[in-house]
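This is coords.csv. It holds CSV, C-alpha atoms.
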chain,number,residue,atom,x,y,z
A,1,MET,CA,-112.9,94.8,77.9
A,2,ARG,CA,-116.0,96.2,76.2
A,3,GLY,CA,-115.4,98.7,73.4
A,4,ARG,CA,-117.0,102.1,73.4
A,5,ASN,CA,-119.5,101.1,70.7
A,6,THR,CA,-120.3,97.6,72.1
A,7,LEU,CA,-123.9,96.6,71.4
A,8,ARG,CA,-125.5,95.0,74.5
A,9,CYS,CA,-128.7,93.2,73.9
A,10,LYS,CA,-131.3,91.5,76.1
A,11,TRP,CA,-134.6,89.9,75.5
A,12,VAL,CA,-137.6,91.5,77.2
A,13,GLY,CA,-140.7,89.4,76.4
A,14,TRP,CA,-140.9,89.4,72.6
A,15,LEU,CA,-138.8,92.6,72.2
A,16,LEU,CA,-135.1,92.8,71.5
A,17,VAL,CA,-133.7,96.0,72.9
A,18,GLY,CA,-130.4,97.3,71.6
A,19,VAL,CA,-128.4,99.8,73.7
A,20,LEU,CA,-125.4,101.6,72.4
A,21,THR,CA,-123.0,102.6,75.1
A,22,GLY,CA,-120.5,105.4,75.0
A,23,CYS,CA,-122.3,107.3,72.2
A,24,ASP,CA,-124.2,110.5,72.2
A,25,ALA,CA,-127.7,110.4,70.7
A,26,ALA,CA,-127.9,112.1,67.3
A,27,GLN,CA,-129.8,115.3,67.4
A,28,GLU,CA,-131.8,116.8,64.5
A,29,PRO,CA,-130.8,120.3,63.6
A,30,VAL,CA,-132.9,123.1,65.1
A,31,LEU,CA,-134.6,125.3,62.5
A,32,THR,CA,-134.0,129.1,62.9
A,33,PRO,CA,-137.3,131.0,62.4
A,34,GLN,CA,-137.3,133.1,59.3
A,35,ILE,CA,-139.8,135.0,57.1
A,36,VAL,CA,-139.2,136.5,53.7
A,37,ALA,CA,-141.6,138.7,51.8
A,38,GLY,CA,-141.1,141.0,48.8
A,39,ASN,CA,-142.9,144.0,47.4
A,40,GLN,CA,-145.9,142.8,45.5
A,41,MET,CA,-149.3,143.5,43.8
A,42,LEU,CA,-152.4,142.4,45.6
A,43,VAL,CA,-154.0,139.6,43.5
A,44,ASN,CA,-157.2,137.8,44.5
A,45,GLN,CA,-157.1,139.5,47.9
A,46,GLN,CA,-154.0,137.4,48.8
A,47,VAL,CA,-150.5,138.2,49.9
A,48,LYS,CA,-147.7,135.8,48.9
A,49,ILE,CA,-144.9,135.2,51.5
A,50,LYS,CA,-141.8,134.0,49.7
A,51,LYS,CA,-140.4,131.9,52.5
A,52,VAL,CA,-141.3,130.8,56.0
A,53,VAL,CA,-139.0,128.7,58.3
A,54,ALA,CA,-141.0,127.6,61.4
A,55,PRO,CA,-139.4,125.5,64.2
A,56,GLU,CA,-142.9,124.4,65.2
A,57,HIS,CA,-146.5,124.9,64.2
A,58,GLY,CA,-147.4,128.6,64.2
A,59,TRP,CA,-148.9,131.5,62.3
A,60,VAL,CA,-148.0,134.1,59.7
A,61,VAL,CA,-149.7,137.3,60.6
A,62,VAL,CA,-150.0,140.2,58.1
A,63,ARG,CA,-150.8,143.8,59.3
A,64,ARG,CA,-151.0,147.1,57.5
A,65,ILE,CA,-148.7,149.4,59.4
A,66,ASP,CA,-148.5,152.7,57.5
A,67,GLN,CA,-151.6,153.9,59.3
A,68,ALA,CA,-152.8,152.7,62.8
A,69,PRO,CA,-151.7,149.0,62.7
A,70,GLN,CA,-154.5,146.9,61.4
A,71,LEU,CA,-154.7,143.1,61.3
A,72,ALA,CA,-155.1,142.1,57.6
A,73,GLY,CA,-154.7,138.4,57.5
A,74,VAL,CA,-153.6,135.2,59.2
A,75,ALA,CA,-152.4,131.8,57.8
A,76,ALA,CA,-151.4,128.7,59.7
A,77,VAL,CA,-147.9,127.3,59.0
A,78,ALA,CA,-146.6,123.8,59.9
A,79,GLU,CA,-143.2,123.0,61.3
A,80,GLY,CA,-140.6,123.1,58.5
A,81,ILE,CA,-139.9,125.3,55.5
A,82,ARG,CA,-142.7,126.7,53.3
A,83,LEU,CA,-142.3,128.6,50.1
A,84,ASN,CA,-144.9,131.0,48.5
A,85,LEU,CA,-147.3,130.8,51.3
A,86,PRO,CA,-150.6,132.6,50.5
A,87,VAL,CA,-152.2,134.7,53.2
A,88,PRO,CA,-155.7,136.2,52.8
A,89,TYR,CA,-155.8,140.0,52.9
A,90,ALA,CA,-159.0,141.2,54.5
A,91,LEU,CA,-158.5,145.0,54.2
A,92,THR,CA,-159.6,147.1,51.3
A,93,LEU,CA,-157.1,148.8,49.0
A,94,GLY,CA,-158.2,151.4,46.5
A,95,ASP,CA,-157.0,151.3,42.8
A,96,TYR,CA,-153.4,152.3,42.6
A,97,GLU,CA,-153.1,152.5,46.4
A,98,VAL,CA,-149.8,151.4,48.1
A,99,ALA,CA,-149.8,150.0,51.6
A,100,TRP,CA,-146.8,149.4,53.9
A,101,CYS,CA,-147.2,146.0,55.5
A,102,SER,CA,-145.7,143.6,58.1
A,103,ALA,CA,-145.6,139.8,58.0
A,104,MET,CA,-144.7,138.3,61.4
A,105,LEU,CA,-144.1,134.7,62.4
A,106,TYR,CA,-146.0,133.7,65.6
A,107,ARG,CA,-145.9,130.7,67.9
A,108,ASP,CA,-149.2,128.9,68.6
A,109,LEU,CA,-149.2,129.1,72.4
A,110,GLY,CA,-153.0,129.0,73.2
A,111,ARG,CA,-155.6,126.7,71.8
A,112,ILE,CA,-154.1,124.7,69.0
A,113,GLY,CA,-155.4,125.7,65.6
A,114,GLN,CA,-156.8,129.1,66.6
A,115,PHE,CA,-154.8,132.3,66.4
A,116,GLU,CA,-155.2,134.3,69.7
A,117,PRO,CA,-153.4,137.6,69.5
A,118,GLU,CA,-153.6,138.1,73.3
A,119,VAL,CA,-151.9,134.7,73.9
A,120,ASP,CA,-149.8,133.7,70.9
A,121,ARG,CA,-146.4,135.5,70.7
A,122,PRO,CA,-143.9,136.2,67.9
A,123,PHE,CA,-140.9,134.0,67.4
A,124,MET,CA,-137.8,135.9,68.5
A,125,VAL,CA,-134.3,136.0,67.1
A,126,ASP,CA,-131.7,138.1,68.8
A,127,GLN,CA,-134.4,139.6,71.0
A,128,GLN,CA,-136.3,140.8,67.9
A,129,PRO,CA,-139.6,139.5,66.4
A,130,VAL,CA,-139.2,137.5,63.2
A,131,GLU,CA,-140.7,139.9,60.7
A,132,ALA,CA,-140.6,141.0,57.1
A,133,ARG,CA,-141.9,144.3,55.8
A,134,PHE,CA,-143.0,145.0,52.3
A,135,PHE,CA,-145.1,147.3,50.0
A,136,LEU,CA,-148.4,146.0,48.8
A,137,PHE,CA,-149.9,147.6,45.6
A,138,LYS,CA,-153.4,147.5,44.2
A,139,GLY,CA,-153.6,147.8,40.5
A,140,GLY,CA,-156.5,149.2,38.4
A,141,GLU,CA,-158.7,147.5,35.9
A,142,VAL,CA,-155.7,146.2,33.9
A,143,THR,CA,-153.6,143.9,35.9
A,144,ASP,CA,-152.0,141.8,33.2
A,145,GLY,CA,-148.4,142.4,34.1
A,146,TRP,CA,-145.7,142.0,36.8
A,147,ILE,CA,-142.3,143.4,37.8
A,148,VAL,CA,-139.5,141.6,39.6
A,149,VAL,CA,-136.7,143.9,40.9
A,150,GLU,CA,-134.2,143.8,43.8
A,151,ASP,CA,-132.3,146.5,45.7
A,152,GLN,CA,-129.3,147.2,43.5
A,153,GLU,CA,-126.3,149.4,42.6
A,154,VAL,CA,-126.9,151.7,39.7
A,155,VAL,CA,-124.0,151.3,37.4
A,156,ASN,CA,-123.5,153.4,34.3
A,157,ARG,CA,-126.7,155.3,35.1
A,158,THR,CA,-128.7,152.1,34.3
A,159,VAL,CA,-131.4,150.3,36.4
A,160,ILE,CA,-131.7,146.6,35.9
A,161,ILE,CA,-135.2,145.1,36.2
A,162,GLU,CA,-134.9,141.3,36.7
A,163,GLU,CA,-138.2,140.4,35.0
A,164,VAL,CA,-141.2,142.2,33.5
A,165,GLY,CA,-144.3,140.6,32.1
A,166,VAL,CA,-146.8,142.6,30.1
A,167,GLY,CA,-149.8,141.6,28.1
A,168,GLU,CA,-150.0,144.7,25.9
A,169,PRO,CA,-147.7,147.4,24.6
A,170,ALA,CA,-146.5,149.4,27.6
A,171,ASP,CA,-143.9,151.7,28.9
A,172,LEU,CA,-141.6,150.7,31.8
A,173,VAL,CA,-140.8,153.9,33.7
A,174,ILE,CA,-138.9,154.7,36.8
A,175,HIS,CA,-140.5,157.1,39.3
A,176,ARG,CA,-138.9,158.8,42.3
A,177,ASP,CA,-140.3,158.3,45.8
A,178,ALA,CA,-142.9,160.5,47.4
A,179,GLY,CA,-143.0,159.0,50.9
A,180,ASN,CA,-143.7,155.3,50.5
A,181,ARG,CA,-145.4,155.8,47.1
A,182,PRO,CA,-144.4,156.8,43.6
A,183,LYS,CA,-143.9,160.5,42.8
A,184,VAL,CA,-146.2,161.6,40.0
A,185,PRO,CA,-145.0,162.5,37.5
A,186,GLY,CA,-141.4,162.2,38.9
A,187,VAL,CA,-140.3,160.0,35.9
A,188,ILE,CA,-136.5,159.7,35.6
A,189,ALA,CA,-136.3,156.9,33.0
A,190,ARG,CA,-138.4,155.2,30.4
A,191,LYS,CA,-138.2,152.1,28.2
A,192,PRO,CA,-140.9,150.9,25.7
A,193,LEU,CA,-141.9,147.2,25.9
A,194,GLU,CA,-143.9,145.0,23.6
A,195,PRO,CA,-146.1,142.2,25.0
A,196,GLY,CA,-144.3,139.3,26.5
A,197,ILE,CA,-141.8,138.3,29.3
A,198,HIS,CA,-138.7,140.4,29.4
A,199,ARG,CA,-135.7,139.5,31.6
A,200,GLN,CA,-132.7,141.6,32.7
A,201,VAL,CA,-134.2,144.8,31.3
A,202,GLU,CA,-131.9,147.7,31.2
A,203,VAL,CA,-133.5,151.1,31.8
A,204,LYS,CA,-131.2,154.1,31.3
A,205,LEU,CA,-131.7,157.3,33.4
A,206,PHE,CA,-132.6,160.4,31.5
A,207,PRO,CA,-129.4,162.6,30.9
A,208,GLU,CA,-130.5,165.2,33.4
A,209,GLU,CA,-131.3,162.8,36.2
A,210,THR,CA,-129.1,161.3,39.0
A,211,VAL,CA,-129.8,159.0,41.9
A,212,SER,CA,-128.1,158.6,45.3
A,213,CYS,CA,-127.4,155.8,47.7
A,214,GLY,CA,-130.4,154.9,49.9
A,215,GLU,CA,-132.9,156.5,47.5
A,216,ARG,CA,-136.1,154.5,46.9
A,217,LEU,CA,-137.2,154.2,43.2
A,218,TRP,CA,-140.4,152.9,41.8
A,219,PRO,CA,-140.5,150.9,38.5
A,220,MET,CA,-143.9,151.1,37.0
A,221,LEU,CA,-145.7,149.7,33.9
A,222,HIS,CA,-148.0,152.1,32.0
A,223,VAL,CA,-150.3,151.3,29.1
A,224,ARG,CA,-148.6,152.7,26.0
A,225,SER,CA,-149.7,156.3,25.4
A,226,VAL,CA,-151.1,157.3,22.1
A,227,SER,CA,-148.6,160.1,22.0
A,228,ASP,CA,-145.0,159.8,23.4
A,229,GLU,CA,-145.5,163.2,24.9
A,230,GLN,CA,-148.5,162.2,27.0
A,231,PRO,CA,-147.7,163.0,30.7
A,232,TYR,CA,-147.7,160.1,33.1
A,233,ASP,CA,-149.7,162.0,35.7
A,234,ILE,CA,-152.8,161.3,33.6
A,235,ASP,CA,-151.7,157.8,32.6
A,236,LYS,CA,-152.9,154.8,34.7
A,237,PRO,CA,-150.3,152.3,35.7
A,238,ILE,CA,-150.7,148.5,35.4
A,239,ILE,CA,-148.5,147.7,38.3
A,240,THR,CA,-145.7,149.1,40.4
A,241,THR,CA,-143.1,148.0,43.0
A,242,SER,CA,-140.0,149.6,44.5
A,243,PHE,CA,-136.3,149.1,45.3
A,244,VAL,CA,-133.5,150.9,47.1
A,245,VAL,CA,-130.4,152.2,45.4
A,246,LEU,CA,-127.5,150.5,47.2
A,247,CYS,CA,-124.6,152.5,45.7
A,248,VAL,CA,-123.8,154.8,42.8
A,249,PRO,CA,-120.2,154.2,41.7

Render the structure in this file as structure tokens.
Amino acid sequence: MRGRNTLRCKWVGWLLVGVLTGCDAAQEPVLTPQIVAGNQMLVNQQVKIKKVVAPEHGWVVVRRIDQAPQLAGVAAVAEGIRLNLPVPYALTLGDYEVAWCSAMLYRDLGRIGQFEPEVDRPFMVDQQPVEARFFLFKGGEVTDGWIVVEDQEVVNRTVIIEEVGVGEPADLVIHRDAGNRPKVPGVIARKPLEPGIHRQVEVKLFPEETVSCGERLWPMLHVRSVSDEQPYDIDKPIITTSFVVLCVP
């Protein structure tokens, strides 16, 4: 009696063909489409997409959506996982302007290698397009700095900034939200920083300030004022981003 895994072989010309009986063919895992993008500063007219998971060749399509939706940039993406994908941003942002953007993962359904918005369609998961939304900020003349921050709980009236890089003495301040942009002045916390890379920076709220769950806040770097009393509404920021308060214990 033949076993379930018996290997039967026969010669066909010069080829030896092996057939496994009673076994299911192994299948490669299917990739679930995904796209991840974070709030960021526009650098060299490019947007950085943190992560793309594409089950097949496709496109990452960036649009500005806080006004009438406008196509801003397209980048091809191969099947597989791609990190830190650059996408050209063709629209113009003014200094210190903030744009609300969408990055969507599309299938290449028309002519291969050419994005055709009337033919190509988004990848769908749970009947929803695979999309990430983010704020894009344009700095001014001074852009030697960055801020990395995530949505977080605010414990002991303290905001934690994961990483800050700054090339000159500056103030890290926290602004309230004014409808998808920082409120000016609207400063509720401040911490002086010297040049360098700072990690896990703790910024304490001013004694008279409170925050609530779901509130959006804007960490911002400002060139150090000559006077500590200089109001920030006449100070120019280096860079800004935003995060959402998840809970206030």

For region 69-185 of chain A against region 219-224 of chain A, with a cut-off of 6 Å and counting all atoms listed in the file, what is the closest atom pair and its distance in Å to one decimal for every residue that makes the cut, ordered by chain and number, as JSON lines?
{"residue": "A:Pro169", "atom": "CA", "partner": "A:Arg224", "partner_atom": "CA", "distance": 5.6}
{"residue": "A:Ala170", "atom": "CA", "partner": "A:Arg224", "partner_atom": "CA", "distance": 4.2}
{"residue": "A:Asp171", "atom": "CA", "partner": "A:His222", "partner_atom": "CA", "distance": 5.2}
{"residue": "A:Leu172", "atom": "CA", "partner": "A:Leu221", "partner_atom": "CA", "distance": 4.7}
{"residue": "A:Val173", "atom": "CA", "partner": "A:Met220", "partner_atom": "CA", "distance": 5.3}
{"residue": "A:Ile174", "atom": "CA", "partner": "A:Pro219", "partner_atom": "CA", "distance": 4.5}

Using the selection just defined, write its residues with C-alpha atoms as an mmCIF file, in the frame of the given file.
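So the final result, stored in again28.cif, reads:
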data_model
loop_
_atom_site.group_PDB
_atom_site.id
_atom_site.type_symbol
_atom_site.label_atom_id
_atom_site.label_comp_id
_atom_site.auth_asym_id
_atom_site.auth_seq_id
_atom_site.Cartn_x
_atom_site.Cartn_y
_atom_site.Cartn_z
ATOM 1 C CA PRO A 169 -147.700 147.400 24.600
ATOM 2 C CA ALA A 170 -146.500 149.400 27.600
ATOM 3 C CA ASP A 171 -143.900 151.700 28.900
ATOM 4 C CA LEU A 172 -141.600 150.700 31.800
ATOM 5 C CA VAL A 173 -140.800 153.900 33.700
ATOM 6 C CA ILE A 174 -138.900 154.700 36.800
#

Exercise. If you measure from CA of Lys48 (chain A) to CA of Gly113 (chain A), what distance in Å do you get, rounded to one decimal?
Worked result: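 Spanning CA of Lys48 (chain A) to CA of Gly113 (chain A) is a straight-line distance of 21.0 Å.
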
For this session: Give me the residues within 8 Å of Phe123 (chain A) as a PyMOL selection string, counting only C-alpha atoms and dropping any in the same chain fewer than 3 places off.
Result: chain A and resi 33+105-107+129-130

Let me see the file: selected residues, C-alpha atoms, as a PDB file, in the coordinates of the input.
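Result file follows (out-v7.pdb):
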ATOM      1  CA  PRO A  33    -137.300 131.000  62.400  1.00  0.00           C
ATOM      2  CA  LEU A 105    -144.100 134.700  62.400  1.00  0.00           C
ATOM      3  CA  TYR A 106    -146.000 133.700  65.600  1.00  0.00           C
ATOM      4  CA  ARG A 107    -145.900 130.700  67.900  1.00  0.00           C
ATOM      5  CA  PRO A 129    -139.600 139.500  66.400  1.00  0.00           C
ATOM      6  CA  VAL A 130    -139.200 137.500  63.200  1.00  0.00           C
TER       7      VAL A 130
END

Around (-151.4, 136.5, 52.9) in the file's frame, which residues reach within 7 Å when counting all atoms listed in the file? Return as a PDB file with C-alpha atoms, in the frame of the given file?
ATOM      1  CA  GLN A  46    -154.000 137.400  48.800  1.00  0.00           C
ATOM      2  CA  VAL A  47    -150.500 138.200  49.900  1.00  0.00           C
ATOM      3  CA  LYS A  48    -147.700 135.800  48.900  1.00  0.00           C
ATOM      4  CA  ILE A  49    -144.900 135.200  51.500  1.00  0.00           C
ATOM      5  CA  VAL A  62    -150.000 140.200  58.100  1.00  0.00           C
ATOM      6  CA  GLY A  73    -154.700 138.400  57.500  1.00  0.00           C
ATOM      7  CA  VAL A  74    -153.600 135.200  59.200  1.00  0.00           C
ATOM      8  CA  ALA A  75    -152.400 131.800  57.800  1.00  0.00           C
ATOM      9  CA  PRO A  86    -150.600 132.600  50.500  1.00  0.00           C
ATOM     10  CA  VAL A  87    -152.200 134.700  53.200  1.00  0.00           C
ATOM     11  CA  PRO A  88    -155.700 136.200  52.800  1.00  0.00           C
ATOM     12  CA  TYR A  89    -155.800 140.000  52.900  1.00  0.00           C
TER      13      TYR A  89
END

For this session: Could you tell me how far CA of Ile112 (chain A) lies from CA of Ile65 (chain A), in Å and to one decimal?
Result: 27.0 Å

Problem set entry | Among the residues A:Val149, A:Val211, A:Leu85, A:Val187, the one that comes closest to Ile161 (chain A) [using only C-alpha atoms] |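 Using only C-alpha atoms, Ile161 (chain A) sits closest to A:Val149.
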
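CA of Gln70 (chain A) is positioned 12.8 Å from CA of Leu93 (chain A).
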
For this session: Using all atoms listed in the file, collect all residues at a distance of at most 7 Å from (-138.7, 136.7, 35.1) as written in the file, then present them as a list of chain:residue names.
Result: A:Val148, A:Glu162, A:Glu163, A:Val164, A:Ile197, A:His198, A:Arg199

Hey, can you spit out that residue selection with C-alpha atoms as a PDB file, in the frame of the given file?
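Below is the file selection.pdb, written as the result:
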ATOM      1  CA  VAL A 148    -139.500 141.600  39.600  1.00  0.00           C
ATOM      2  CA  GLU A 162    -134.900 141.300  36.700  1.00  0.00           C
ATOM      3  CA  GLU A 163    -138.200 140.400  35.000  1.00  0.00           C
ATOM      4  CA  VAL A 164    -141.200 142.200  33.500  1.00  0.00           C
ATOM      5  CA  ILE A 197    -141.800 138.300  29.300  1.00  0.00           C
ATOM      6  CA  HIS A 198    -138.700 140.400  29.400  1.00  0.00           C
ATOM      7  CA  ARG A 199    -135.700 139.500  31.600  1.00  0.00           C
TER       8      ARG A 199
END

Exercise. Hey, what's within 8 Å of Leu42 (chain A) if we count only C-alpha atoms and toss same-chain stuff fewer than 3 positions away? As a list in words, please?
Worked result: Gln45, Gln46, Val47, Leu136, Phe137, Lys138 and Gly139 of chain A

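Counting only C-alpha atoms and comparing A:Gln152, A:Thr32, A:Thr92, A:Ser102, the residue that lies closest to Asn44 (chain A) is A:Thr92.
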